[in-house]
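Chemist: Below: one structure in structure tokens.
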Amino acid sequence: MTTHDLYTIPAEHATWDVEMQGASRFTWEYDDGRDRLLSLYQKGKDKQWDQVHRIDWDIEVDPHDVLGLPDETIAIYGTPQWDRIKGDRKAVGELKQHMTSWQFSQFLHGEQGAMICSAKIVESVPDLDAKFYAATQTMDEARHAETYARFLQDKVGLLYPINEHLKALLDDTLSDSRWDMPYLGMQVLIEGLALAAFGLLRDMTDKPLPKQILAYVMQDEARHVAFGRLALRDYYAGLSSKEKEEREDFVVEGCYLMRDRFRQQEVWANLGFDVEESMKSVENSQYFKLFQSLLFSRIAPCVKDIGLFGPKVQNAFADMGVLDMAGVDLAALMKQDEDLADLIDMEKRELLVRRQEVEQTIAMADAEVPEQATAS
Ligand SMILES: [Fe+2]
Ligand SMILES: [Fe+2]
């Protein structure tokens with residue numbers, strides 16, 4: 001079987017080729033590492049994990065109710081289009097399967113993009129400490145892509161091709177020859193938004209398998225965002241105001257692209273809903289509005305932190321209703337992400353111990369039965 005059999009809308013069979021830009025840089029300075037970057041690199045090496053061993057793939061998943069989210073989270077909920085399908089649980093289940101498939105397919109394609117961008121950072125960034133760190137991130141992103149691909153193929157059973165907005169932003173990010181652009185496009189914008197989306201779904205779902213996957217991926221992503229912040233804060237402090245403004249324009253354009261990414265237009269069209277009406281429902285959906293503003297909870301404080309918070313960026317954030325998000329405590333959020341993954345591991349260990357105790361008790365009882373039987 002090929003993944004192409006699972007694409008609900010045909011995906012290109014040919015590779016998508018983005019022309020290489022910029023230089024591959026070598027450095028002969030092997031000693032001059034920044035402590036914080038090197039300790040992030042050490043953490044990246046220490047915290048590698050393998051989906052084969054860490055994730056409980058035996059857990060059953062209902063493809064029609066992968067995340068167990070209430071109907072109210074569907075953008076058309078309460079509209080005439082919803083009234084037409086709400087009594088038909090099969091149709092609602094199918095819609096939920098497609099929405100989850102679309103969402104996780106974008107995570108998957110984004111992870112592949114992250115792997116390619118981190119590999120590009122290894123090549124192009126001038127300093128060795130950043131090259132070392134980006135090499136661990138390349139491996140992290142490969143593990144994430146592998147995990148989401150397995151989840152979609154084995155558990156959800158459907159895939160969607162890459163969304164045009166995500167593709168446009170990846171294209172802009174990769175086809176720029178300036179070495180900081182993959183950081184800004186990928187680490188700050190695409191990863192920042194993905195991280196917020198992972199977090200919302202991780203906290204909303206009560207299904208153990210997607211919860212584990214999202215929590216473990218997020219544990220790594222916290223390091224990735226920290227890397228982007230560290231490297232860019234240093235670099236942007238020394239840029240001219242014109243150079244800074246170019247980056248701010250990129251942020252504004254990228255944020256609008258990202259905001260439009262989550263409307264799931266392909267799902268509505270694919271399942272035969274009225275697309276225009278569905279888009280209006282998305283715009284008016286209270287759940288979607290909240291989801292959309294929370295999506296910026298990781299991007300806005302990061303952009304402020306790296307020094308790209310001029311009037312254009314502030315106006316765009318105000319226009320999108322997310323300016324308040326710039327005050328979010330990013331470090332506290334990321335500490336929470338790391339702790340939550342550890343907590344899931346601890347609960348799994350406790351469950352394993354309890355299961356072993358039960359099995360031992362049953363085995364002891366079984367061993368005692370024949371003795372009692374002979375005694376009587
Ligand atoms: Fe990732
Ligand atoms: Fe990442």
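Chain identifiers are assigned as A, B, and so on, following the order in which chains appear in the structure tokens; residues are numbered from 1 within each chain, and ligands are numbered from 1 in order of appearance.
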For ligand 1, list the contacting residues at 7 Å or closer, counting only C-alpha atoms and all ligand atoms, as a PyMOL selection string.
Modeler: chain A and resi 111+114+140-141+144+217+221
Chemist: Determine, using only C-alpha atoms, which residues of range 114-149 of chain A have any atom at most 10 Å from an atom of range 177-183 of chain A, and tabulate each with its shortest atom pair and distance in Å to one decimal place, rows ordered by chain and then rising number, as a tab-separated table.
Modeler:
```
residue	atom	partner	partner_atom	distance
A:Ala114	CA	A:Pro182	CA	9.1
A:Ile116	CA	A:Pro182	CA	9.5
A:Cys117	CA	A:Pro182	CA	5.9
A:Ser118	CA	A:Pro182	CA	7.8
A:Ala119	CA	A:Pro182	CA	9.9
A:Lys120	CA	A:Pro182	CA	7.6
A:Ile121	CA	A:Pro182	CA	6.9
A:Glu123	CA	A:Trp179	CA	9.2
A:Ser124	CA	A:Trp179	CA	5.8
A:Val125	CA	A:Trp179	CA	6.0
A:Pro126	CA	A:Trp179	CA	8.5
```
Chemist: Could you write out the selected residues, including C-alpha atoms, as an mmCIF file, in the first residue's frame?
Modeler:
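Final output, result-v2.cif:
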```cif
data_model
loop_
_atom_site.group_PDB
_atom_site.id
_atom_site.type_symbol
_atom_site.label_atom_id
_atom_site.label_comp_id
_atom_site.auth_asym_id
_atom_site.auth_seq_id
_atom_site.Cartn_x
_atom_site.Cartn_y
_atom_site.Cartn_z
ATOM 1 C CA ALA A 114 10.384 21.634 9.907
ATOM 2 C CA ILE A 116 13.883 20.376 5.927
ATOM 3 C CA CYS A 117 14.158 23.859 7.475
ATOM 4 C CA SER A 118 16.274 22.622 10.404
ATOM 5 C CA ALA A 119 18.547 20.796 7.964
ATOM 6 C CA LYS A 120 18.860 24.081 6.049
ATOM 7 C CA ILE A 121 19.746 25.869 9.288
ATOM 8 C CA GLU A 123 23.914 24.229 6.485
ATOM 9 C CA SER A 124 23.536 27.968 6.500
ATOM 10 C CA VAL A 125 23.887 29.280 10.073
ATOM 11 C CA PRO A 126 27.407 30.662 10.670
#
```
Chemist: Give me the residues within 7 Å of range 255-269 of chain A as a ChimeraX atom specification, counting only C-alpha atoms and dropping any in the same chain fewer than 4 places off.
Modeler: /A:98-99,165-166,251,273,275,278,282,292
Chemist: Which polymer residues have any atom within 7 Å of an atom of range 159-163 of chain A, counting only C-alpha atoms, with same-chain residues fewer than 2 positions away left out, as a PDB file with C-alpha atoms, in the first residue's frame?
Modeler:
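Saved result, result_25.pdb, follows:
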```pdb
ATOM      1  CA  LEU A   6      -5.186   7.183   1.721  1.00  0.00           C
ATOM      2  CA  TYR A   7      -5.288  10.724   0.309  1.00  0.00           C
ATOM      3  CA  THR A   8      -8.927  11.773   0.170  1.00  0.00           C
ATOM      4  CA  ILE A   9      -8.022  14.405  -2.448  1.00  0.00           C
ATOM      5  CA  ALA A  11      -1.788  14.555  -3.750  1.00  0.00           C
ATOM      6  CA  SER A 101      -7.468  13.973   9.194  1.00  0.00           C
ATOM      7  CA  TRP A 102      -7.091  17.451   7.703  1.00  0.00           C
ATOM      8  CA  SER A 105      -2.202  15.953   7.877  1.00  0.00           C
ATOM      9  CA  GLN A 106      -1.190  19.622   8.135  1.00  0.00           C
ATOM     10  CA  HIS A 109       3.376  18.135   6.309  1.00  0.00           C
ATOM     11  CA  LEU A 152      -2.785   9.013  10.282  1.00  0.00           C
ATOM     12  CA  HIS A 165      -1.420  28.656   2.838  1.00  0.00           C
ATOM     13  CA  LEU A 166       1.041  26.415   4.659  1.00  0.00           C
ATOM     14  CA  LYS A 167       2.719  25.611   1.340  1.00  0.00           C
TER      15      LYS A 167
END
```
Chemist: Got a sec to check which residues lie within 10 Å of ligand 2, using only C-alpha atoms and all ligand atoms, and send them as a PyMOL selection string?
Modeler: chain A and resi 110-115+117-118+137-142+144+186-188+190-192+194-195+217-225+227
Chemist: Could you tell me how far CA of Ala168 in chain A sits from CA of Ala14 in chain A, in Å to one decimal place?
Modeler: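 For CA of Ala14 in chain A relative to CA of Ala168 in chain A, the distance reads 17.7 Å.
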Chemist: Pick the closest to Leu193 in chain A from A:Gln21, A:Glu245, A:Asp274, A:Leu295: which is it, counting only C-alpha atoms?
Modeler: A:Leu295
Chemist: Output as a compact mmCIF listing (two decimals) with C-alpha atoms, in the first residue's frame all residues of range 16-228 of chain A that backbone DSSP marks as helix (DSSP H, G or I).
Modeler:
```txt
# COMPACT_ATOMS: atom_id res chain seq x y z
CA ASP A 35 26.46 28.36 27.03
CA ARG A 36 22.69 28.54 26.65
CA LEU A 37 22.75 27.18 23.11
CA LEU A 38 25.11 24.39 24.08
CA SER A 39 22.95 23.42 27.06
CA LEU A 40 19.94 23.34 24.73
CA TYR A 41 21.96 21.07 22.43
CA GLN A 42 22.80 18.80 25.38
CA LYS A 43 19.13 18.66 26.31
CA GLY A 44 18.27 17.85 22.69
CA LYS A 45 20.64 14.86 22.84
CA ASP A 46 19.42 13.71 26.26
CA GLN A 51 7.71 6.44 19.03
CA VAL A 52 8.09 2.66 18.70
CA HIS A 53 8.78 2.38 22.44
CA ARG A 54 7.27 5.47 24.04
CA PRO A 63 -11.68 6.95 13.29
CA HIS A 64 -15.06 8.71 13.51
CA ASP A 65 -14.29 10.10 16.96
CA ASP A 71 -20.17 18.67 18.32
CA GLU A 72 -19.98 22.34 19.35
CA THR A 73 -16.35 22.40 18.14
CA PRO A 80 -28.85 25.26 8.70
CA GLN A 81 -26.11 23.04 7.19
CA TRP A 82 -25.63 21.44 10.62
CA ASP A 83 -29.37 20.94 11.08
CA ARG A 84 -29.42 18.92 7.87
CA ILE A 85 -26.84 16.37 9.13
CA ARG A 89 -24.52 10.18 13.29
CA LYS A 90 -22.74 8.45 10.39
CA ALA A 91 -22.50 11.75 8.50
CA VAL A 92 -21.34 13.58 11.65
CA GLY A 93 -18.74 10.86 12.29
CA GLU A 94 -17.49 11.14 8.72
CA LEU A 95 -17.19 14.92 9.02
CA LYS A 96 -15.23 14.55 12.28
CA GLN A 97 -12.91 11.99 10.68
CA HIS A 98 -12.19 14.35 7.79
CA MET A 99 -11.62 17.34 10.10
CA THR A 100 -9.16 15.40 12.26
CA SER A 101 -7.47 13.97 9.19
CA TRP A 102 -7.09 17.45 7.70
CA GLN A 103 -5.70 18.85 10.97
CA PHE A 104 -3.16 16.08 11.58
CA SER A 105 -2.20 15.95 7.88
CA GLN A 106 -1.19 19.62 8.13
CA PHE A 107 0.79 18.77 11.29
CA LEU A 108 2.51 15.99 9.34
CA HIS A 109 3.38 18.14 6.31
CA GLY A 110 4.49 20.91 8.68
CA GLU A 111 6.81 18.46 10.46
CA GLN A 112 8.39 17.48 7.15
CA GLY A 113 8.83 21.19 6.45
CA ALA A 114 10.38 21.63 9.91
CA MET A 115 12.83 18.79 9.22
CA ILE A 116 13.88 20.38 5.93
CA CYS A 117 14.16 23.86 7.48
CA SER A 118 16.27 22.62 10.40
CA ALA A 119 18.55 20.80 7.96
CA LYS A 120 18.86 24.08 6.05
CA ILE A 121 19.75 25.87 9.29
CA VAL A 122 22.52 23.31 9.90
CA GLU A 123 23.91 24.23 6.49
CA SER A 124 23.54 27.97 6.50
CA LEU A 128 28.88 25.84 15.22
CA ASP A 129 26.80 25.86 18.43
CA ALA A 130 23.70 26.64 16.35
CA LYS A 131 24.65 24.00 13.75
CA PHE A 132 24.98 21.39 16.52
CA TYR A 133 21.66 22.30 18.02
CA ALA A 134 19.82 22.37 14.64
CA ALA A 135 21.20 18.88 13.90
CA THR A 136 19.35 17.49 16.97
CA GLN A 137 16.26 19.35 15.91
CA THR A 138 16.43 17.81 12.43
CA MET A 139 16.28 14.40 14.13
CA ASP A 140 13.42 15.55 16.40
CA GLU A 141 11.40 16.67 13.39
CA ALA A 142 12.04 13.38 11.58
CA ARG A 143 10.63 11.55 14.64
CA HIS A 144 7.60 13.84 14.70
CA ALA A 145 6.86 13.32 11.00
CA GLU A 146 7.24 9.56 11.49
CA THR A 147 4.84 9.62 14.46
CA TYR A 148 2.11 11.68 12.79
CA ALA A 149 2.39 9.59 9.59
CA ARG A 150 1.88 6.39 11.60
CA PHE A 151 -1.06 7.90 13.49
CA LEU A 152 -2.79 9.01 10.28
CA GLN A 153 -2.12 5.82 8.37
CA ASP A 154 -2.89 3.28 11.09
CA LYS A 155 -5.49 5.05 13.23
CA VAL A 156 -7.28 7.80 11.28
CA GLU A 164 -2.06 26.05 0.09
CA HIS A 165 -1.42 28.66 2.84
CA LEU A 166 1.04 26.42 4.66
CA LYS A 167 2.72 25.61 1.34
CA ALA A 168 3.01 29.32 0.47
CA LEU A 169 4.63 30.12 3.81
CA LEU A 170 7.03 27.18 3.53
CA ASP A 171 7.93 28.35 0.03
CA ASP A 172 8.63 31.92 1.23
CA THR A 173 10.64 30.57 4.15
CA LEU A 174 12.80 28.18 2.12
CA MET A 181 14.62 33.45 7.43
CA PRO A 182 14.16 29.69 8.00
CA TYR A 183 14.37 30.48 11.72
CA LEU A 184 11.82 33.24 11.52
CA GLY A 185 9.40 31.48 9.16
CA MET A 186 9.74 28.04 10.64
CA GLN A 187 10.81 28.32 14.27
CA VAL A 188 8.77 31.35 15.13
CA LEU A 189 5.72 31.40 12.84
CA ILE A 190 4.97 27.86 11.66
CA GLU A 191 6.23 26.11 14.82
CA GLY A 192 4.72 28.72 17.10
CA LEU A 193 1.31 28.27 15.57
CA ALA A 194 1.59 24.46 15.40
CA LEU A 195 2.62 24.39 19.04
CA ALA A 196 -0.45 26.36 20.08
CA ALA A 197 -2.69 24.06 17.99
CA PHE A 198 -1.05 20.93 19.47
CA GLY A 199 -1.55 22.37 22.96
CA LEU A 200 -5.23 23.17 22.45
CA LEU A 201 -5.98 19.69 21.12
CA ARG A 202 -3.80 18.02 23.78
CA ASP A 203 -5.75 19.80 26.52
CA MET A 204 -9.19 19.27 24.96
CA PRO A 208 -5.15 8.69 25.48
CA LEU A 209 -3.35 8.01 22.18
CA PRO A 210 -3.62 11.46 20.56
CA LYS A 211 -2.96 12.98 24.01
CA GLN A 212 0.32 11.07 24.35
CA ILE A 213 1.43 11.94 20.81
CA LEU A 214 0.68 15.64 21.18
CA ALA A 215 2.27 15.89 24.63
CA TYR A 216 5.49 14.13 23.58
CA VAL A 217 5.87 16.15 20.39
CA MET A 218 5.28 19.34 22.39
CA GLN A 219 7.99 18.43 24.84
CA ASP A 220 10.50 18.68 21.97
CA GLU A 221 8.90 21.72 20.38
CA ALA A 222 9.48 23.72 23.56
CA ARG A 223 13.24 23.40 22.86
CA HIS A 224 12.79 24.39 19.22
CA VAL A 225 11.03 27.63 20.02
CA ALA A 226 13.63 28.40 22.72
CA PHE A 227 16.35 27.93 20.06
CA GLY A 228 14.67 30.33 17.63
```
Chemist: Find the distance between CA of Ala331 in chain A and CA of Gln314 in chain A and write it in Å to one decimal.
Modeler: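 Computing it gives 21.3 Å between the two atoms.
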Chemist: Can you measure CA of Met320 in chain A to CA of Phe296 in chain A for me? One decimal in Å is fine.
Modeler: 9.6 Å
Chemist: Can you tell me, as an NGL selection string, what residues are no more than 9 Å from range 326-329 of chain A when counting only C-alpha atoms, ignoring any on the same chain fewer than 3 positions away?
Modeler: :A and (296-305 or 317 or 322-323 or 332-334)
Chemist: Could those residues be written to a file, using N, CA and C atoms, as a JSON list (two decimals), in the first residue's frame?
Modeler:
```json
[["chain", "number", "residue", "atom", "x", "y", "z"],
["A", 296, "PHE", "N", -2.36, 32.27, 18.48],
["A", 296, "PHE", "CA", -1.28, 33.25, 18.48],
["A", 296, "PHE", "C", -0.61, 33.39, 19.86],
["A", 297, "SER", "N", -1.04, 32.54, 20.80],
["A", 297, "SER", "CA", -0.50, 32.66, 22.16],
["A", 297, "SER", "C", 1.00, 32.36, 22.21],
["A", 298, "ARG", "N", 1.52, 31.63, 21.22],
["A", 298, "ARG", "CA", 2.96, 31.34, 21.23],
["A", 298, "ARG", "C", 3.73, 32.28, 20.31],
["A", 299, "ILE", "N", 3.07, 32.69, 19.21],
["A", 299, "ILE", "CA", 3.78, 33.54, 18.23],
["A", 299, "ILE", "C", 3.97, 34.96, 18.78],
["A", 300, "ALA", "N", 2.88, 35.55, 19.29],
["A", 300, "ALA", "CA", 2.93, 36.97, 19.66],
["A", 300, "ALA", "C", 4.02, 37.27, 20.71],
["A", 301, "PRO", "N", 4.09, 36.52, 21.83],
["A", 301, "PRO", "CA", 5.15, 36.85, 22.79],
["A", 301, "PRO", "C", 6.56, 36.61, 22.24],
["A", 302, "CYS", "N", 6.68, 35.64, 21.34],
["A", 302, "CYS", "CA", 7.99, 35.33, 20.77],
["A", 302, "CYS", "C", 8.46, 36.46, 19.84],
["A", 303, "VAL", "N", 7.54, 36.94, 18.99],
["A", 303, "VAL", "CA", 7.87, 38.04, 18.08],
["A", 303, "VAL", "C", 8.29, 39.27, 18.88],
["A", 304, "LYS", "N", 7.59, 39.51, 19.98],
["A", 304, "LYS", "CA", 7.93, 40.65, 20.84],
["A", 304, "LYS", "C", 9.32, 40.45, 21.44],
["A", 305, "ASP", "N", 9.57, 39.25, 21.90],
["A", 305, "ASP", "CA", 10.81, 38.91, 22.57],
["A", 305, "ASP", "C", 12.04, 39.04, 21.67],
["A", 317, "PHE", "N", -1.51, 42.58, 14.66],
["A", 317, "PHE", "CA", -2.01, 41.78, 15.79],
["A", 317, "PHE", "C", -3.31, 42.36, 16.34],
["A", 322, "VAL", "N", -5.40, 39.78, 18.50],
["A", 322, "VAL", "CA", -4.51, 38.92, 19.30],
["A", 322, "VAL", "C", -3.37, 39.71, 19.98],
["A", 323, "LEU", "N", -3.52, 41.05, 19.99],
["A", 323, "LEU", "CA", -2.44, 41.87, 20.56],
["A", 323, "LEU", "C", -2.16, 41.51, 22.02],
["A", 332, "ALA", "N", 6.83, 30.04, 31.01],
["A", 332, "ALA", "CA", 5.96, 29.25, 31.90],
["A", 332, "ALA", "C", 5.16, 28.22, 31.09],
["A", 333, "LEU", "N", 4.68, 28.63, 29.91],
["A", 333, "LEU", "CA", 3.93, 27.71, 29.05],
["A", 333, "LEU", "C", 4.79, 26.51, 28.66],
["A", 334, "MET", "N", 6.03, 26.80, 28.32],
["A", 334, "MET", "CA", 6.90, 25.72, 27.84],
["A", 334, "MET", "C", 7.32, 24.79, 28.96]]
```
